[in-house]
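Below is my_file16.cif, which holds mmCIF, C-alpha atoms and all ligand atoms.
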```
data_work
loop_
_atom_site.label_atom_id
_atom_site.label_comp_id
_atom_site.auth_asym_id
_atom_site.auth_seq_id
_atom_site.Cartn_x
_atom_site.Cartn_y
_atom_site.Cartn_z
CA MET E 20 11.14 -14.18 -30.12
CA ILE E 21 7.79 -15.88 -29.85
CA ASP E 22 4.65 -14.01 -30.93
CA LEU E 23 1.49 -13.96 -28.86
CA ILE E 24 -1.39 -13.21 -31.19
CA LEU E 25 -4.61 -11.74 -29.82
CA LYS E 26 -8.16 -12.57 -30.82
CA LYS E 27 -9.94 -10.16 -33.17
CA SER E 28 -10.65 -6.72 -31.61
CA LYS E 29 -8.94 -7.73 -28.34
CA GLU E 30 -6.14 -5.17 -28.94
CA LYS E 31 -8.14 -2.17 -27.72
CA SER E 32 -6.89 -2.06 -24.13
CA LEU E 33 -3.27 -2.41 -25.29
CA LEU E 34 -3.72 0.42 -27.78
CA ARG E 35 -4.78 2.49 -24.76
CA ARG E 36 -1.55 1.30 -23.08
CA HIS E 37 -3.16 -0.78 -20.37
CA PRO E 38 -0.34 -3.20 -19.44
CA TRP E 39 -2.21 -6.53 -19.07
CA VAL E 40 -3.14 -9.25 -21.55
CA TYR E 41 -5.80 -11.65 -20.22
CA ASP E 42 -5.75 -15.34 -21.19
CA THR E 43 -9.23 -14.90 -22.70
CA ALA E 44 -7.82 -12.40 -25.23
CA VAL E 45 -5.16 -14.75 -26.61
CA ALA E 46 -5.82 -16.50 -29.96
CA ARG E 47 -2.53 -18.41 -30.31
CA MET E 48 1.23 -18.36 -29.93
CA THR E 49 3.89 -19.10 -32.53
CA GLY E 50 5.80 -21.42 -30.16
CA LYS E 51 6.30 -22.54 -26.59
CA SER E 52 7.44 -19.81 -24.26
CA ALA E 53 9.00 -20.20 -20.80
CA SER E 54 7.55 -18.53 -17.70
CA GLY E 55 8.64 -14.89 -17.65
CA GLU E 56 10.12 -14.90 -21.15
CA THR E 57 9.59 -11.81 -23.29
CA VAL E 58 7.09 -12.30 -26.09
CA ARG E 59 5.89 -10.01 -28.86
CA VAL E 60 2.17 -9.22 -28.60
CA LEU E 61 0.48 -8.80 -31.99
CA SER E 62 -3.05 -7.91 -32.99
CA ASN E 63 -5.04 -10.52 -34.89
CA ASP E 64 -4.07 -8.86 -38.17
CA GLY E 65 -0.38 -8.92 -37.24
CA ARG E 66 0.29 -5.38 -35.99
CA PHE E 67 2.91 -4.90 -33.23
CA LEU E 68 1.31 -3.95 -29.90
CA ALA E 69 3.83 -4.57 -27.13
CA TYR E 70 6.67 -6.58 -25.65
CA ALA E 71 5.43 -8.48 -22.63
CA ALA E 72 6.43 -11.06 -20.04
CA PHE E 73 4.67 -14.37 -20.60
CA SER E 74 2.98 -15.97 -17.59
CA PRO E 75 1.70 -19.48 -18.38
CA PHE E 76 -0.35 -20.02 -15.20
CA SER E 77 -1.93 -16.64 -14.56
CA SER E 78 -5.21 -15.38 -15.99
CA ILE E 79 -3.11 -12.28 -16.72
CA ARG E 80 -1.25 -14.20 -19.42
CA ALA E 81 1.24 -11.44 -20.21
CA ARG E 82 2.30 -8.12 -18.65
CA CYS E 83 3.69 -5.45 -20.92
CA TRP E 84 7.22 -4.14 -20.62
CA SER E 85 7.02 -1.72 -23.52
CA PHE E 86 4.72 -0.48 -26.28
CA ARG E 87 7.65 0.62 -28.47
CA GLU E 88 8.79 -1.78 -31.13
CA ASP E 89 12.34 -0.33 -31.26
CA GLU E 90 13.04 -1.06 -27.57
CA ARG E 91 15.08 -4.07 -26.45
CA ILE E 92 14.11 -5.63 -23.12
CA ASP E 93 17.66 -6.33 -22.00
CA GLU E 94 19.84 -5.64 -18.97
CA ALA E 95 20.35 -1.98 -19.95
CA TRP E 96 16.57 -1.57 -20.21
CA PHE E 97 16.02 -2.89 -16.67
CA ALA E 98 18.89 -0.76 -15.34
CA GLN E 99 17.29 2.33 -16.84
CA LYS E 100 13.81 1.58 -15.45
CA ILE E 101 15.25 1.07 -11.98
CA ARG E 102 17.34 4.26 -12.17
CA GLN E 103 14.30 6.25 -13.26
CA ALA E 104 12.22 4.87 -10.39
CA VAL E 105 14.93 5.69 -7.85
CA GLU E 106 15.37 9.23 -9.21
CA ALA E 107 11.63 9.91 -9.08
CA ARG E 108 11.74 9.46 -5.27
CA ALA E 109 14.76 11.71 -4.65
CA ASP E 110 12.77 14.47 -2.92
CA LEU E 111 11.47 12.19 -0.18
CA TRP E 112 14.79 11.50 1.53
CA SER E 113 14.79 14.82 3.38
CA ARG E 114 11.65 13.64 5.23
CA THR E 115 12.13 9.93 5.61
CA ASN E 116 14.32 6.90 5.01
CA ALA E 117 11.36 4.58 4.37
CA VAL E 118 10.50 4.89 0.69
CA ARG E 119 8.79 2.71 -1.91
CA LEU E 120 11.39 2.69 -4.70
CA VAL E 121 9.52 0.61 -7.27
CA PHE E 122 5.73 0.35 -7.50
CA GLY E 123 5.15 -2.36 -10.10
CA GLU E 124 3.18 -1.41 -13.20
CA ALA E 125 3.37 2.30 -12.33
CA ASP E 126 7.15 2.19 -12.71
CA GLY E 127 7.05 0.08 -15.88
CA LEU E 128 8.14 -3.06 -14.00
CA PRO E 129 4.93 -5.13 -13.65
CA GLY E 130 4.79 -7.20 -10.48
CA LEU E 131 7.89 -5.72 -8.84
CA ILE E 132 7.70 -4.01 -5.46
CA VAL E 133 10.84 -2.57 -3.87
CA ASP E 134 10.82 -0.76 -0.53
CA GLN E 135 13.87 0.89 0.98
CA TYR E 136 14.36 1.05 4.75
CA ASP E 137 17.48 3.01 5.55
CA ASP E 138 20.37 1.07 3.91
CA PHE E 139 18.38 -2.05 3.05
CA LEU E 140 15.97 -2.94 0.28
CA VAL E 141 13.05 -5.36 0.48
CA THR E 142 11.62 -6.86 -2.70
CA GLN E 143 8.39 -8.58 -3.66
CA PHE E 144 8.30 -10.42 -6.99
CA GLN E 145 4.63 -10.84 -7.81
CA ALA E 146 4.70 -11.79 -11.49
CA ALA E 147 6.53 -14.24 -13.72
CA GLY E 148 8.47 -11.61 -15.72
CA VAL E 149 10.29 -10.04 -12.80
CA GLU E 150 10.56 -13.41 -11.02
CA ALA E 151 12.58 -14.82 -13.94
CA ARG E 152 15.05 -11.90 -13.61
CA ARG E 153 15.29 -11.69 -9.85
CA THR E 154 19.07 -12.11 -9.61
CA LEU E 155 19.66 -9.43 -12.24
CA ILE E 156 17.16 -7.11 -10.55
CA GLY E 157 18.81 -7.67 -7.15
CA ARG E 158 22.20 -6.67 -8.57
CA LEU E 159 20.83 -3.64 -10.47
CA LEU E 160 19.06 -2.44 -7.32
CA MET E 161 22.31 -2.63 -5.34
CA GLU E 162 24.07 -0.64 -8.08
CA ALA E 163 21.36 2.01 -8.39
CA THR E 164 21.05 2.66 -4.64
CA GLY E 165 24.33 1.65 -3.00
CA ALA E 166 22.23 -0.34 -0.50
CA ARG E 167 23.94 -2.80 1.86
CA GLY E 168 21.56 -5.65 1.08
CA VAL E 169 18.42 -6.76 -0.72
CA PHE E 170 16.04 -9.01 1.21
CA ASP E 171 13.28 -10.82 -0.68
CA ARG E 172 9.84 -10.98 0.96
CA SER E 173 8.07 -12.74 -1.88
CA ASP E 174 5.39 -14.27 0.31
CA ALA E 175 2.33 -12.31 -0.87
CA ALA E 176 -0.70 -14.46 -1.68
CA THR E 177 -0.84 -12.91 -5.18
CA ARG E 178 2.15 -15.06 -6.22
CA ARG E 179 0.00 -18.18 -6.22
CA ARG E 180 -2.08 -16.79 -9.08
CA GLU E 181 1.15 -16.60 -11.08
CA GLY E 182 2.01 -20.18 -10.18
CA LEU E 183 4.88 -19.03 -7.95
CA GLU E 184 5.72 -20.45 -4.52
CA PRO E 185 6.29 -18.14 -1.55
CA ARG E 186 9.92 -17.32 -0.78
CA ILE E 187 11.67 -15.34 1.96
CA GLU E 188 15.46 -15.07 1.65
CA LEU E 189 18.45 -12.82 1.16
CA LEU E 190 18.73 -11.81 -2.51
CA ALA E 191 21.93 -9.74 -2.57
CA GLY E 192 24.52 -8.19 -0.24
CA GLU E 193 24.25 -8.34 3.54
CA GLU E 194 21.49 -9.75 5.76
CA PRO E 195 19.42 -6.90 7.23
CA PRO E 196 19.37 -6.60 11.04
CA VAL E 197 16.49 -8.04 13.08
CA GLU E 198 15.02 -4.56 13.25
CA ILE E 199 15.75 -1.59 11.01
CA GLU E 200 15.10 1.83 12.49
CA VAL E 201 13.51 4.36 10.17
CA VAL E 202 12.71 8.02 10.80
CA GLU E 203 9.66 9.58 9.14
CA ASP E 204 8.83 13.25 9.68
CA GLY E 205 10.74 13.22 12.95
CA VAL E 206 9.21 9.99 14.30
CA ARG E 207 11.24 6.81 14.78
CA TYR E 208 9.81 3.38 13.92
CA GLY E 209 11.30 -0.10 14.14
CA VAL E 210 10.72 -2.21 11.02
CA ASP E 211 10.90 -6.00 10.99
CA VAL E 212 11.35 -6.87 7.33
CA ARG E 213 11.14 -10.63 7.93
CA VAL E 214 7.73 -10.95 9.56
CA GLY E 215 6.14 -7.49 9.34
CA HIS E 216 3.10 -6.84 7.14
CA LYS E 217 3.80 -6.13 3.46
CA THR E 218 7.55 -5.49 3.53
CA GLY E 219 7.41 -4.46 7.21
CA PHE E 220 5.82 -1.02 7.31
CA TYR E 221 2.86 0.87 5.82
CA ILE E 222 4.97 3.29 3.80
CA ASP E 223 1.82 4.31 1.91
CA GLN E 224 0.33 6.14 4.92
CA ARG E 225 3.16 8.69 5.21
CA GLU E 226 1.10 11.72 4.15
CA SER E 227 -1.84 10.79 6.39
CA ARG E 228 0.47 10.28 9.39
CA LEU E 229 1.93 13.75 8.79
CA THR E 230 -1.58 15.24 8.72
CA ALA E 231 -2.31 13.47 12.02
CA GLN E 232 0.82 14.99 13.53
CA LYS E 233 -0.21 18.48 12.35
CA VAL E 234 -3.79 18.07 13.57
CA ALA E 235 -2.46 17.19 17.04
CA GLU E 236 -0.16 20.24 17.00
CA ARG E 237 -2.93 22.59 15.90
CA PHE E 238 -5.34 21.17 18.48
CA ARG E 239 -2.94 22.02 21.30
CA GLU E 240 -2.44 25.58 19.99
CA LYS E 241 -6.18 26.12 19.69
CA HIS E 242 -7.48 24.46 22.85
CA GLY E 243 -4.56 24.76 25.25
CA ARG E 244 -4.69 20.99 25.87
CA GLY E 245 -3.65 17.96 23.90
CA LEU E 246 -6.16 15.96 21.92
CA ARG E 247 -7.51 12.58 22.97
CA ALA E 248 -7.43 10.09 20.12
CA LEU E 249 -8.47 6.57 19.29
CA ASN E 250 -6.35 4.77 16.68
CA CYS E 251 -8.05 1.61 15.41
CA PHE E 252 -6.03 -1.05 13.55
CA CYS E 253 -2.85 0.62 14.85
CA TYR E 254 -0.36 -2.07 13.70
CA THR E 255 3.10 -0.95 14.96
CA GLY E 256 1.70 2.41 16.05
CA GLY E 257 2.05 4.52 12.87
CA PHE E 258 -0.67 7.09 13.59
CA SER E 259 -0.36 6.81 17.37
CA LEU E 260 3.28 7.89 17.27
CA ALA E 261 2.59 10.71 14.83
CA LEU E 262 -0.13 12.01 17.19
CA LEU E 263 2.13 11.80 20.25
CA LYS E 264 4.84 13.63 18.31
CA GLY E 265 2.29 16.36 17.59
CA GLY E 266 1.50 16.71 21.29
CA ALA E 267 -1.60 14.54 21.80
CA GLU E 268 -2.71 14.18 25.42
CA SER E 269 -3.62 10.53 25.10
CA VAL E 270 -3.84 7.93 22.37
CA VAL E 271 -5.75 4.68 22.75
CA SER E 272 -4.55 2.20 20.12
CA VAL E 273 -6.39 -0.99 19.20
CA ASP E 274 -5.15 -3.99 17.22
CA SER E 275 -5.82 -7.72 17.34
CA SER E 276 -2.15 -8.60 16.89
CA GLU E 277 -0.12 -8.86 20.09
CA GLU E 278 3.07 -8.87 18.05
CA ALA E 279 2.17 -5.55 16.39
CA LEU E 280 1.22 -4.01 19.74
CA ARG E 281 4.53 -5.07 21.28
CA MET E 282 6.35 -3.26 18.50
CA ALA E 283 4.06 -0.24 18.86
CA ALA E 284 4.82 0.02 22.60
CA ALA E 285 8.54 -0.35 21.85
CA ASN E 286 8.20 2.48 19.33
CA VAL E 287 6.75 4.76 22.03
CA ARG E 288 9.85 4.12 24.17
CA ARG E 289 12.14 4.45 21.15
CA ASN E 290 10.91 8.02 20.68
CA GLY E 291 11.11 8.85 24.37
CA PHE E 292 7.39 9.69 24.49
CA ASP E 293 5.51 9.64 27.78
CA GLU E 294 4.30 6.03 28.05
CA SER E 295 1.38 7.03 30.28
CA LYS E 296 -0.18 8.83 27.30
CA ALA E 297 -0.21 5.70 25.15
CA GLU E 298 -2.65 2.91 25.91
CA PHE E 299 -2.57 -0.28 23.82
CA LEU E 300 -5.50 -2.67 23.63
CA CYS E 301 -5.35 -6.11 22.09
CA GLU E 302 -8.94 -6.41 20.95
CA ASP E 303 -11.12 -6.87 17.90
CA VAL E 304 -11.98 -3.37 16.66
CA PHE E 305 -15.60 -4.25 15.87
CA THR E 306 -16.06 -5.30 19.52
CA ALA E 307 -13.94 -2.52 21.01
CA LEU E 308 -15.95 0.24 19.28
CA ARG E 309 -19.22 -1.14 20.68
CA ARG E 310 -17.76 -1.57 24.14
CA MET E 311 -16.46 2.02 24.18
CA ARG E 312 -19.76 3.35 22.86
CA ASP E 313 -21.67 1.52 25.62
CA ALA E 314 -19.21 2.84 28.20
CA GLY E 315 -19.84 6.41 26.96
CA GLU E 316 -16.23 7.03 25.95
CA THR E 317 -15.50 9.97 23.66
CA PHE E 318 -12.55 11.19 21.62
CA ASP E 319 -11.46 14.30 19.72
CA LEU E 320 -10.12 12.17 16.88
CA VAL E 321 -10.89 8.63 15.73
CA ILE E 322 -8.72 6.89 13.11
CA LEU E 323 -9.94 3.83 11.21
CA ASP E 324 -7.26 2.26 9.01
CA PRO E 325 -8.43 -1.34 8.59
CA PRO E 326 -6.82 -4.10 6.52
CA LYS E 327 -8.15 -4.76 3.03
CA PHE E 328 -11.74 -5.92 3.67
CA ALA E 329 -12.42 -6.66 -0.02
CA SER E 330 -9.74 -8.83 -1.59
CA SER E 331 -11.64 -8.87 -4.90
CA HIS E 332 -14.83 -7.70 -6.59
CA TYR E 333 -16.62 -10.77 -5.22
CA HIS E 334 -16.28 -9.48 -1.66
CA VAL E 335 -17.43 -5.90 -2.15
CA ASP E 336 -20.86 -6.26 -0.50
CA ARG E 337 -19.58 -7.92 2.64
CA ALA E 338 -16.68 -5.45 2.83
CA ALA E 339 -19.05 -2.49 2.42
CA ARG E 340 -21.04 -3.68 5.44
CA ALA E 341 -17.85 -3.99 7.50
CA TYR E 342 -16.69 -0.48 6.51
CA LYS E 343 -20.12 0.92 7.33
CA ASP E 344 -20.13 -0.78 10.73
CA ILE E 345 -16.80 0.58 11.93
CA ASN E 346 -17.50 4.05 10.53
CA LEU E 347 -20.89 4.24 12.22
CA ASN E 348 -19.53 3.10 15.57
CA GLY E 349 -16.43 5.27 15.22
CA LEU E 350 -18.59 8.35 14.57
CA LYS E 351 -20.58 7.67 17.73
CA LEU E 352 -17.42 8.08 19.81
CA LEU E 353 -16.67 11.60 18.57
CA ARG E 354 -17.07 14.74 20.61
CA PRO E 355 -18.64 17.81 18.93
CA ASP E 356 -16.12 19.24 16.44
CA GLY E 357 -14.30 15.91 16.51
CA GLU E 358 -12.62 14.44 13.46
CA LEU E 359 -12.68 11.04 11.84
CA PHE E 360 -9.80 9.85 9.64
CA THR E 361 -11.22 6.92 7.72
CA PHE E 362 -9.45 4.75 5.15
CA SER E 363 -9.91 1.88 2.76
CA CYS E 364 -7.05 0.07 1.03
CA SER E 365 -9.38 -2.25 -0.92
CA GLY E 366 -8.73 -1.74 -4.63
CA ALA E 367 -12.16 -3.23 -5.36
CA ILE E 368 -13.82 -0.35 -3.47
CA ASP E 369 -13.25 2.88 -5.37
CA GLN E 370 -13.32 6.48 -4.10
CA ASP E 371 -16.90 6.93 -5.08
CA LEU E 372 -18.21 3.81 -3.34
CA PHE E 373 -16.12 4.47 -0.25
CA GLN E 374 -17.54 7.98 0.00
CA LYS E 375 -21.07 6.57 -0.28
CA ILE E 376 -20.40 4.03 2.48
CA VAL E 377 -19.06 6.72 4.80
CA ALA E 378 -21.99 9.01 3.91
CA GLY E 379 -24.36 6.15 4.84
CA ALA E 380 -22.66 5.76 8.22
CA ILE E 381 -22.90 9.52 8.81
CA PHE E 382 -26.61 9.48 7.99
CA ASP E 383 -27.24 6.57 10.36
CA ALA E 384 -25.21 8.28 13.10
CA GLY E 385 -27.51 11.30 12.79
CA VAL E 386 -24.73 13.88 12.67
CA ASP E 387 -23.72 16.66 10.29
CA ALA E 388 -20.35 16.00 8.75
CA TRP E 389 -18.02 17.53 6.19
CA ALA E 390 -15.09 16.04 4.31
CA ILE E 391 -12.37 18.61 4.95
CA GLY E 392 -9.59 16.61 3.32
CA ARG E 393 -8.78 13.54 1.29
CA PHE E 394 -5.99 11.07 1.83
CA GLY E 395 -3.98 8.87 -0.51
CA ALA E 396 -0.54 7.38 -0.92
CA GLY E 397 2.46 9.66 -1.55
CA ILE E 398 4.59 10.33 -4.64
CA ASP E 399 6.38 6.99 -4.25
CA HIS E 400 3.08 5.26 -5.15
CA PRO E 401 2.36 7.05 -8.44
CA LEU E 402 -0.81 6.23 -10.33
CA LEU E 403 -0.14 5.27 -13.95
CA MET E 404 -3.07 6.94 -15.69
CA THR E 405 -3.57 4.07 -18.14
CA TYR E 406 -3.72 1.61 -15.23
CA PRO E 407 -6.45 2.65 -12.78
CA GLU E 408 -6.12 -0.70 -10.93
CA GLY E 409 -3.00 0.79 -9.34
CA GLU E 410 -5.11 3.02 -7.10
CA TYR E 411 -6.05 1.30 -3.86
CA LEU E 412 -5.56 3.56 -0.84
CA LYS E 413 -8.10 6.28 -0.17
CA GLY E 414 -9.19 8.13 2.90
CA LEU E 415 -11.41 10.93 4.11
CA ARG E 416 -10.84 13.51 6.81
CA ILE E 417 -14.29 14.12 8.26
CA LEU E 418 -15.33 16.93 10.62
CA VAL E 419 -18.39 16.13 12.70
CA ARG E 420 -20.91 18.43 14.38
CA PRO E 421 -23.90 17.19 16.35
N1 LIG N 501 -2.52 2.11 10.45
C1 LIG N 501 -1.39 1.21 10.36
C2 LIG N 501 -1.63 0.07 9.39
C3 LIG N 501 -2.86 -0.79 9.67
S1 LIG N 501 -2.76 -2.41 9.02
C4 LIG N 501 -0.13 2.01 10.04
O1 LIG N 501 -0.22 3.18 9.61
O2 LIG N 501 0.96 1.48 10.20
C5 LIG N 501 -4.12 -3.22 9.65
C6 LIG N 501 -3.98 -3.74 11.07
O3 LIG N 501 -5.26 -4.21 11.48
C7 LIG N 501 -3.05 -4.90 11.30
O4 LIG N 501 -2.11 -4.55 12.28
C8 LIG N 501 -3.93 -6.07 11.82
O5 LIG N 501 -3.31 -6.80 12.87
C9 LIG N 501 -5.12 -5.32 12.35
N2 LIG N 501 -6.42 -6.02 12.35
C10 LIG N 501 -7.00 -6.72 11.36
N3 LIG N 501 -8.26 -7.07 11.67
C11 LIG N 501 -8.50 -6.58 12.92
C12 LIG N 501 -9.62 -6.57 13.80
N4 LIG N 501 -10.77 -7.15 13.45
N5 LIG N 501 -9.51 -5.96 14.98
C13 LIG N 501 -8.35 -5.35 15.35
N6 LIG N 501 -7.27 -5.30 14.55
C14 LIG N 501 -7.33 -5.90 13.36
#
```
What is this structure when it is put down as structure tokens?
Ligand code: SAH
Amino acid sequence: MIDLILKKSKEKSLLRRHPWVYDTAVARMTGKSASGETVRVLSNDGRFLAYAAFSPFSSIRARCWSFREDERIDEAWFAQKIRQAVEARADLWSRTNAVRLVFGEADGLPGLIVDQYDDFLVTQFQAAGVEARRTLIGRLLMEATGARGVFDRSDAATRRREGLEPRIELLAGEEPPVEIEVVEDGVRYGVDVRVGHKTGFYIDQRESRLTAQKVAERFREKHGRGLRALNCFCYTGGFSLALLKGGAESVVSVDSSEEALRMAAANVRRNGFDESKAEFLCEDVFTALRRMRDAGETFDLVILDPPKFASSHYHVDRAARAYKDINLNGLKLLRPDGELFTFSCSGAIDQDLFQKIVAGAIFDAGVDAWAIGRFGAGIDHPLLMTYPEGEYLKGLRILVRP
């Protein structure tokens, strides 16, 4: 095995079990290593630190498999990691058949994403180490889950940084159908694993969608009428459907993608919900919020779940202004005692900063507001405590009084 030797005092993050080795930390290697090959990472004075997958093109030059010198990174090791990841999600199946089975670094498999939709798995290989073992991983996933097929959606932009080309193809077993139907907390959704965002569905918003459903239920009990909601960036209708399931009176959903809105409308019919309660608008949210504000429209609940505005630390300022803008204009549409569900999935914007941005919007809106809940991804997106970069989704449930 080839050794990757770090520069002096560059071993600190690995000693704290952070799984990445940056190119700037590398002093030298004892030979030429192929992309994805396992190397031994040593400190400058020759101490064992980790086994890691070598990535020749990425600024993250190696991603650690293991910090234990007695481990062997072989087929049995991968089989065990995958089994562990699958077992850790066992409790979710009573609620849903859309589950993230493997969440990269957090599950000890850097760069590997695996989502299960009913009987099919969808993979994303986002780093050289897992890419080099994709056939093995496809087979092990079939064995660990009994799935009918594994479809590879390795088209995320992050692959380029690893020097990997995009790829969309069947990896193992049967081709998935054009649309897979999943059921989450009693709501049915169609998932298109070939062209949908991420692997087809925002699995990470499960807990927030359930809260939305409960808020709609509680509203009806309390007020004797259903709530009127605005769901911005609705995609295939995630929150809109959860609200209708909970008994909302009307849900206005906005997205700029016609394709997503078509699927959202189909999802309303799929659930047998009253179509007259669901209005879909193909519009830019920034424009729509201003238009509705000028028209004097009001809602009991506004949901803002935008795409990642900050793709890296370089874009934080511009993203912060965009978050502030939609939050300010969203707040202006709320009735007294209305609620705002507001999210950010930008990893570069942490909890603290997001809270400050929302607080700024609240101040500018001139209202009193309380955070009465916090949102995040569910147990299938665990946060490895030595790898804070794994946290990306955060949200606030805000109650507003004039
Ligand atoms: N809330 C959704 C996920 C939202 S993903 C769920 O739970 O499933 C973000 C969505 O925002 C995408 O569907 C994308 O088409 C849409 N989008 C991105 N920029 C937009 C804009 N400026 N105006 C309206 N929609 C936008």
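Distances to E:Leu308 were evaluated for E:Val270, E:Leu353, E:Met20, E:Ala390 using all atoms listed in the file, and the minimum falls at E:Leu353.
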Practice item. Might you pull out every residue within 7 Å of E:Ile222, with only C-alpha atoms counted and same-chain residues fewer than 5 positions away left off, and present them as number ranges by chain? Key: E: 117-119
Write out as JSON lines the residues of chain E that have any atom within 7 Å of an atom of ligand LIG 501 (chain N), one row each with the nearest atom pair and its distance in Å to one decimal, counting only C-alpha atoms and all ligand atoms, sorted by chain and then rising number.
```
{"residue": "E:Phe220", "atom": "CA", "partner": "N:LIG501", "partner_atom": "O2", "distance": 6.2}
{"residue": "E:Tyr221", "atom": "CA", "partner": "N:LIG501", "partner_atom": "O2", "distance": 4.8}
{"residue": "E:Gln224", "atom": "CA", "partner": "N:LIG501", "partner_atom": "O1", "distance": 5.6}
{"residue": "E:Cys251", "atom": "CA", "partner": "N:LIG501", "partner_atom": "C13", "distance": 7.0}
{"residue": "E:Phe252", "atom": "CA", "partner": "N:LIG501", "partner_atom": "O3", "distance": 3.9}
{"residue": "E:Cys253", "atom": "CA", "partner": "N:LIG501", "partner_atom": "N1", "distance": 4.7}
{"residue": "E:Tyr254", "atom": "CA", "partner": "N:LIG501", "partner_atom": "O4", "distance": 3.4}
{"residue": "E:Thr255", "atom": "CA", "partner": "N:LIG501", "partner_atom": "O2", "distance": 5.8}
{"residue": "E:Gly256", "atom": "CA", "partner": "N:LIG501", "partner_atom": "O2", "distance": 6.0}
{"residue": "E:Gly257", "atom": "CA", "partner": "N:LIG501", "partner_atom": "O2", "distance": 4.2}
{"residue": "E:Phe258", "atom": "CA", "partner": "N:LIG501", "partner_atom": "O1", "distance": 5.6}
{"residue": "E:Val273", "atom": "CA", "partner": "N:LIG501", "partner_atom": "C13", "distance": 6.1}
{"residue": "E:Asp274", "atom": "CA", "partner": "N:LIG501", "partner_atom": "N6", "distance": 3.7}
{"residue": "E:Ser275", "atom": "CA", "partner": "N:LIG501", "partner_atom": "N6", "distance": 4.0}
{"residue": "E:Ser276", "atom": "CA", "partner": "N:LIG501", "partner_atom": "O5", "distance": 4.6}
{"residue": "E:Ala279", "atom": "CA", "partner": "N:LIG501", "partner_atom": "O4", "distance": 6.0}
{"residue": "E:Glu302", "atom": "CA", "partner": "N:LIG501", "partner_atom": "C13", "distance": 5.7}
{"residue": "E:Asp303", "atom": "CA", "partner": "N:LIG501", "partner_atom": "N5", "distance": 3.5}
{"residue": "E:Val304", "atom": "CA", "partner": "N:LIG501", "partner_atom": "N5", "distance": 4.0}
{"residue": "E:Phe305", "atom": "CA", "partner": "N:LIG501", "partner_atom": "N4", "distance": 6.1}
{"residue": "E:Asp324", "atom": "CA", "partner": "N:LIG501", "partner_atom": "N1", "distance": 5.0}
{"residue": "E:Pro325", "atom": "CA", "partner": "N:LIG501", "partner_atom": "C5", "distance": 4.8}
{"residue": "E:Pro326", "atom": "CA", "partner": "N:LIG501", "partner_atom": "C5", "distance": 4.2}
```
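Of the residues under consideration (E:Ala104, E:Val201, E:Val212, E:Ala307), E:Val212 shows the shortest atom-to-atom contact distance to E:Val141 when counting only C-alpha atoms.
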Give me the residues within 8 Å of stretch 123-132 of chain E as a compact mmCIF listing (two decimals) with C-alpha atoms, in the frame of the given file, counting all atoms listed in the file and dropping any in the same chain fewer than 2 places off.
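Output file part-v5.txt is given in full below:
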```txt
# COMPACT_ATOMS: atom_id res chain seq x y z
CA PRO E 38 -0.34 -3.20 -19.44
CA ARG E 82 2.30 -8.12 -18.65
CA CYS E 83 3.69 -5.45 -20.92
CA TRP E 84 7.22 -4.14 -20.62
CA SER E 85 7.02 -1.72 -23.52
CA LYS E 100 13.81 1.58 -15.45
CA ALA E 104 12.22 4.87 -10.39
CA ARG E 119 8.79 2.71 -1.91
CA LEU E 120 11.39 2.69 -4.70
CA VAL E 121 9.52 0.61 -7.27
CA ASP E 134 10.82 -0.76 -0.53
CA THR E 142 11.62 -6.86 -2.70
CA GLN E 143 8.39 -8.58 -3.66
CA PHE E 144 8.30 -10.42 -6.99
CA GLN E 145 4.63 -10.84 -7.81
CA ALA E 146 4.70 -11.79 -11.49
CA ALA E 147 6.53 -14.24 -13.72
CA GLY E 148 8.47 -11.61 -15.72
CA VAL E 149 10.29 -10.04 -12.80
CA HIS E 400 3.08 5.26 -5.15
CA PRO E 401 2.36 7.05 -8.44
CA LEU E 402 -0.81 6.23 -10.33
CA LEU E 403 -0.14 5.27 -13.95
CA TYR E 406 -3.72 1.61 -15.23
CA GLY E 409 -3.00 0.79 -9.34
```
Point to revise | Point-to-point distance from atom CA of E:Gly50 to atom CA of E:Ser62, Å rounded to tenths | key: 16.4 Å
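Here the question is which of E:Glu30, E:Glu200, E:Glu88, E:Glu184 gets nearest to E:Val58 using all atoms listed in the file, and that residue is E:Glu88.
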Exercise for review: Between atom CA of E:Asp204 and atom CA of E:Gly219, measure the distance and give it in Å to one decimal.
Suggested key: 17.9 Å
Practice item. Show which residues sit within 9 Å of stretch 206-211 of chain E, as a ChimeraX atom specification. Count all atoms listed in the file, and ignore same-chain residues fewer than 5 positions away. Key: /E:136,196-201,216,218-220,255-257,260-261,264,282-283,285-287,289-290
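Going from atom CA of E:Met48 to atom CA of E:Ile21 covers 7.0 Å.
If you measure from each of E:Ala72, E:Ser113, E:Ala267, E:Ile24 to E:Ser295 using all atoms listed in the file, the closest one turns out to be E:Ala267.
Every protein, DNA or RNA residue with an atom at most 12 Å from E:Ala378, where all atoms listed in the file count and chain neighbours fewer than 5 positions away do not, is listed here: Ala339, Tyr342, Lys343, Asn346, Leu347, Leu350, Thr361, Asp371, Leu372, Phe373, Asp383, Ala384, Gly385, Val386, Asp387, Ala388, Trp389, Ala390, Leu415, Ile417 and Val419 of chain E.
The smallest atom-to-atom distance between E:Gly414 and any of E:Asp223, E:Asp42, E:Glu56, E:Glu162, using all atoms listed in the file, is found for E:Asp223.
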Practice item. Using all atoms listed in the file, find the one residue out of E:Pro421, E:Met404, E:Gly357, E:Leu160 that sits nearest to E:His37. Key: E:Met404
Return as AutoDock Vina command-line options the box centre and box size in Å, one decimal, for an axis-aligned box around all listed atoms of stretch 85-103 of chain E padded by 8 Å per side.
```
--center_x 12.5 --center_y 0.0 --center_z -21.6 --size_x 31.6 --size_y 28.6 --size_z 35.3
```
